[in-house]
Amino acid sequence: MFLSNSNGLGINRSEYGYGAARLLVIILLAISIIFPGGLIPVKVGVFLLILVIVVISMITGRVSLSLNLYLLSLFYALVGLAWSFYGELLGNPGAMKVMTVMVAYPILFPLFSPLYREEDNSSLYRLFLICAWIIVAIDLVYVLNYFNSIGNTLHTILTSIYGDVKTDVQFADNNVSIQLMNVNSIIFLLPFFLSYLFFSKSRGGKVYIYILVLLMITTGLLANRRAVLLTAILGPVIAFFITTNSPQDQGKLKGSRWWIVSFTIALVIWIFYSVHSSVLKYYIDLTISTFNFTDDYSNGIRVSQFHSLLDGIYDAPFWGHGAGAVAGVIRSVQTPWTYELTYVAFIFHYGIICFVIYAFGIVFLCRQLISSIKKNGRSSFEFYFLSGFISFMLANATNPYLESFDFMWVLFIPYAIVNRRLLQRKLRIDLAPAKRIP
């Protein structure tokens with residue numbers, strides 16, 4: 001058996017022998033972050049290959065998996081399965097189609113958690129860093145060279161990955177708007193590296209991080225992603241306040257860093273003003289329009305969805321209308337059960353009771369990360385990840401990012417961290433000291 005019922009813990013072997021699987025996980029993560037929504041056959045192939053290796057390791061007993069934690073994920077899969085059957089009985093068109101996210105992922109992804117080791121924090125940091133640089137390089141080179149040979153080559157490559165709809169650069173009134181799916185990854189990466197800038201104890205090597213943050217902000221602006229700009233600030237701020245009681249509260253903001261960040265913001269404003277004053281006004285209006293629910297077209301669509309979903313919630317507040325149900329307003333003809341207002345739509349489908357159950361899972365992951373931060377301080381991978389995690393969950397409220405395979409890592413990396421932490425605490429696993437992020 002790969003799980004032990006006697007103490008709720010997995011059988012540990014000091015040497016995992018997971019070299020190939022760990023390398024494949026890195027490849028899968030990199031592809032998902034850099035090309036979300038694309039290269040799906042490659043991702044599925046790599047995912048299945050990792051799964052085969054993990055299953056073989058389970059059969060041979062070389063697994064470290066917390067049974068209690070895995071049972072929790074199985075419980076969520078069971079809830080998703082029950083509400084899909086409920087939706088199927090009601091004739092909901094998407095009842096069975098949402099089972100991939102709500103049932104299969106909670107069963108399969110946690111099986112990868114034994115591949116994580118504490119020293120992997122440094123490797124994950126470097127992976128995020130490389131992916132962030134690749135994303136801004138692709139997007140900025142693409143928009144700057146859209147009408148020449150370099151742009152044509154990039155367009156051909158990106159079109160083969162995404163298709164024509166998701167690889168576009170639009171010009172209107174001297175303003176540029178790029179449409180590339182990888183900008184969604186910046187929603188996590190930007191607050192992650194902002195937290196690093198403010199709280200890392202490293203005295204050197206931060207200049208390239210400042211440049212990276214500046215380029216990610218620029219990319220977010222060019223993509224007209226308001227969520228990138230707002231949540232990138234809110235995530236680290238919330239993470240800071242919910243970790244204020246840490247006994248290792250050594251990661252304190254330094255005045256010099258505030259000056260540098262202020263200079264960076266001023267530089268961004270100056271660059272956009274130098275290009276054209278209307279460009280600066282455009283992005284200021286874009287940010288302000290986040291709170292405009294009367295004239296803004298995008299917000300107007302969400303308002304109509306909100307009222308339609310709310311009417312449905314009034315009809316079935318506790319148990320919802322079942323998975324895959326459709327409200328009065330239809331967002332997509334192909335997938336009419338999906339809506340931008342993710343959490344409101346979740347209550348519409350699954351009811352208030354299930355919403356509380358799933359919210360408990362998110363709070364549980366955050367609490368476990370906070371416990372690690374109390375031990376390691378804010379100058380730690382866990383704090384940087386918590387900042388990005390909170391930002392991403394905030395952005396997910398108005399866009400269904402977590403309904404995609406490519407962003408499951410946002411949930412299951414902290415799951416793997418929690419799995420390792422529980423095993424360390426219960427079994428006193430003797431692991432090599434984690435490498436501190438530079």
# chains A, B, ... in the order shown; residues from 1 in each chain; ligands from 1
call {"tool": "residues_around", "arguments": {"residues": "range 73-87 of chain A", "least_positions_apart": "5", "cutoff": "10 Å", "atoms": "only C-alpha atoms", "output": "VMD selection string"}}
result
chain A and resid 67 to 68 92 to 110 319 to 325 349 to 351 354 357 to 358 361 415
call {"tool": "residues_around", "arguments": {"residues": "Pro317 in chain A", "least_positions_apart": "5", "cutoff": "8 Å", "atoms": "only C-alpha atoms", "output": "PyMOL selection string"}}
result
chain A and resi 347-348+351-352
call {"tool": "atom_distance", "arguments": {"atom1": "CA of Ile135 in chain A", "atom2": "CA of Val237 in chain A"}}
result
24.8 Å
call {"tool": "atom_distance", "arguments": {"atom1": "CA of Tyr339 in chain A", "atom2": "CA of Ala397 in chain A"}}
result
10.2 Å
call {"tool": "atom_distance", "arguments": {"atom1": "CA of Asp406 in chain A", "atom2": "CA of Pro36 in chain A"}}
result
5.4 Å
call {"tool": "residues_around", "arguments": {"residues": "Leu194 in chain A", "least_positions_apart": "5", "cutoff": "10 Å", "atoms": "only C-alpha atoms", "output": "MDAnalysis selection string"}}
result
chainID A and resid 189 199:200 209:210 212:213 232:233 235:236 261 384 387:388
call {"tool": "decode", "arguments": {"residues": "range 26-45 of chain A", "atoms": "N, CA, C and O atoms", "output": "compact mmCIF listing (two decimals), in the first residue's frame"}}
result
# COMPACT_ATOMS: atom_id res chain seq x y z
N ILE A 26 8.83 19.98 -14.06
CA ILE A 26 9.40 21.28 -14.39
C ILE A 26 9.01 21.69 -15.81
O ILE A 26 8.62 22.85 -16.06
N ILE A 27 9.10 20.75 -16.73
CA ILE A 27 8.73 21.04 -18.12
C ILE A 27 7.26 21.39 -18.22
O ILE A 27 6.87 22.36 -18.88
N LEU A 28 6.40 20.62 -17.53
CA LEU A 28 4.97 20.87 -17.56
C LEU A 28 4.64 22.23 -16.96
O LEU A 28 3.81 22.99 -17.51
N LEU A 29 5.27 22.57 -15.84
CA LEU A 29 5.05 23.87 -15.22
C LEU A 29 5.47 25.01 -16.15
O LEU A 29 4.74 25.99 -16.32
N ALA A 30 6.65 24.87 -16.76
CA ALA A 30 7.16 25.91 -17.64
C ALA A 30 6.23 26.14 -18.83
O ALA A 30 5.90 27.28 -19.18
N ILE A 31 5.78 25.05 -19.45
CA ILE A 31 4.89 25.18 -20.61
C ILE A 31 3.56 25.80 -20.19
O ILE A 31 3.00 26.65 -20.90
N SER A 32 3.05 25.40 -19.03
CA SER A 32 1.76 25.93 -18.57
C SER A 32 1.84 27.41 -18.25
O SER A 32 0.90 28.16 -18.52
N ILE A 33 2.96 27.85 -17.68
CA ILE A 33 3.12 29.26 -17.32
C ILE A 33 3.37 30.13 -18.55
O ILE A 33 2.78 31.21 -18.70
N ILE A 34 4.22 29.65 -19.46
CA ILE A 34 4.60 30.46 -20.62
C ILE A 34 3.54 30.42 -21.71
O ILE A 34 3.26 31.41 -22.38
N PHE A 35 2.90 29.24 -21.88
CA PHE A 35 1.91 29.08 -22.94
C PHE A 35 0.58 28.55 -22.39
O PHE A 35 0.12 27.47 -22.79
N PRO A 36 -0.05 29.26 -21.46
CA PRO A 36 -1.36 28.80 -20.98
C PRO A 36 -2.39 28.81 -22.11
O PRO A 36 -2.46 29.75 -22.89
N GLY A 37 -3.17 27.74 -22.19
CA GLY A 37 -4.16 27.64 -23.24
C GLY A 37 -3.65 27.08 -24.54
O GLY A 37 -4.42 26.83 -25.47
N GLY A 38 -2.33 26.82 -24.64
CA GLY A 38 -1.75 26.29 -25.86
C GLY A 38 -0.96 25.01 -25.61
O GLY A 38 -0.75 24.61 -24.47
N LEU A 39 -0.54 24.37 -26.70
CA LEU A 39 0.24 23.14 -26.63
C LEU A 39 -0.44 22.08 -25.77
O LEU A 39 0.21 21.34 -25.01
N ILE A 40 -1.75 21.98 -25.89
CA ILE A 40 -2.52 21.08 -25.03
C ILE A 40 -2.12 19.62 -25.22
O ILE A 40 -1.95 18.89 -24.23
N PRO A 41 -1.92 19.11 -26.46
CA PRO A 41 -1.50 17.71 -26.60
C PRO A 41 -0.17 17.42 -25.90
O PRO A 41 0.00 16.34 -25.30
N VAL A 42 0.76 18.37 -25.96
CA VAL A 42 2.05 18.19 -25.28
C VAL A 42 1.85 18.11 -23.77
O VAL A 42 2.41 17.23 -23.10
N LYS A 43 1.03 19.01 -23.23
CA LYS A 43 0.78 19.03 -21.79
C LYS A 43 0.11 17.74 -21.32
O LYS A 43 0.47 17.18 -20.29
N VAL A 44 -0.88 17.29 -22.09
CA VAL A 44 -1.57 16.06 -21.71
C VAL A 44 -0.61 14.88 -21.73
O VAL A 44 -0.63 14.03 -20.83
N GLY A 45 0.24 14.81 -22.74
CA GLY A 45 1.22 13.73 -22.83
C GLY A 45 2.19 13.72 -21.66
O GLY A 45 2.45 12.67 -21.06
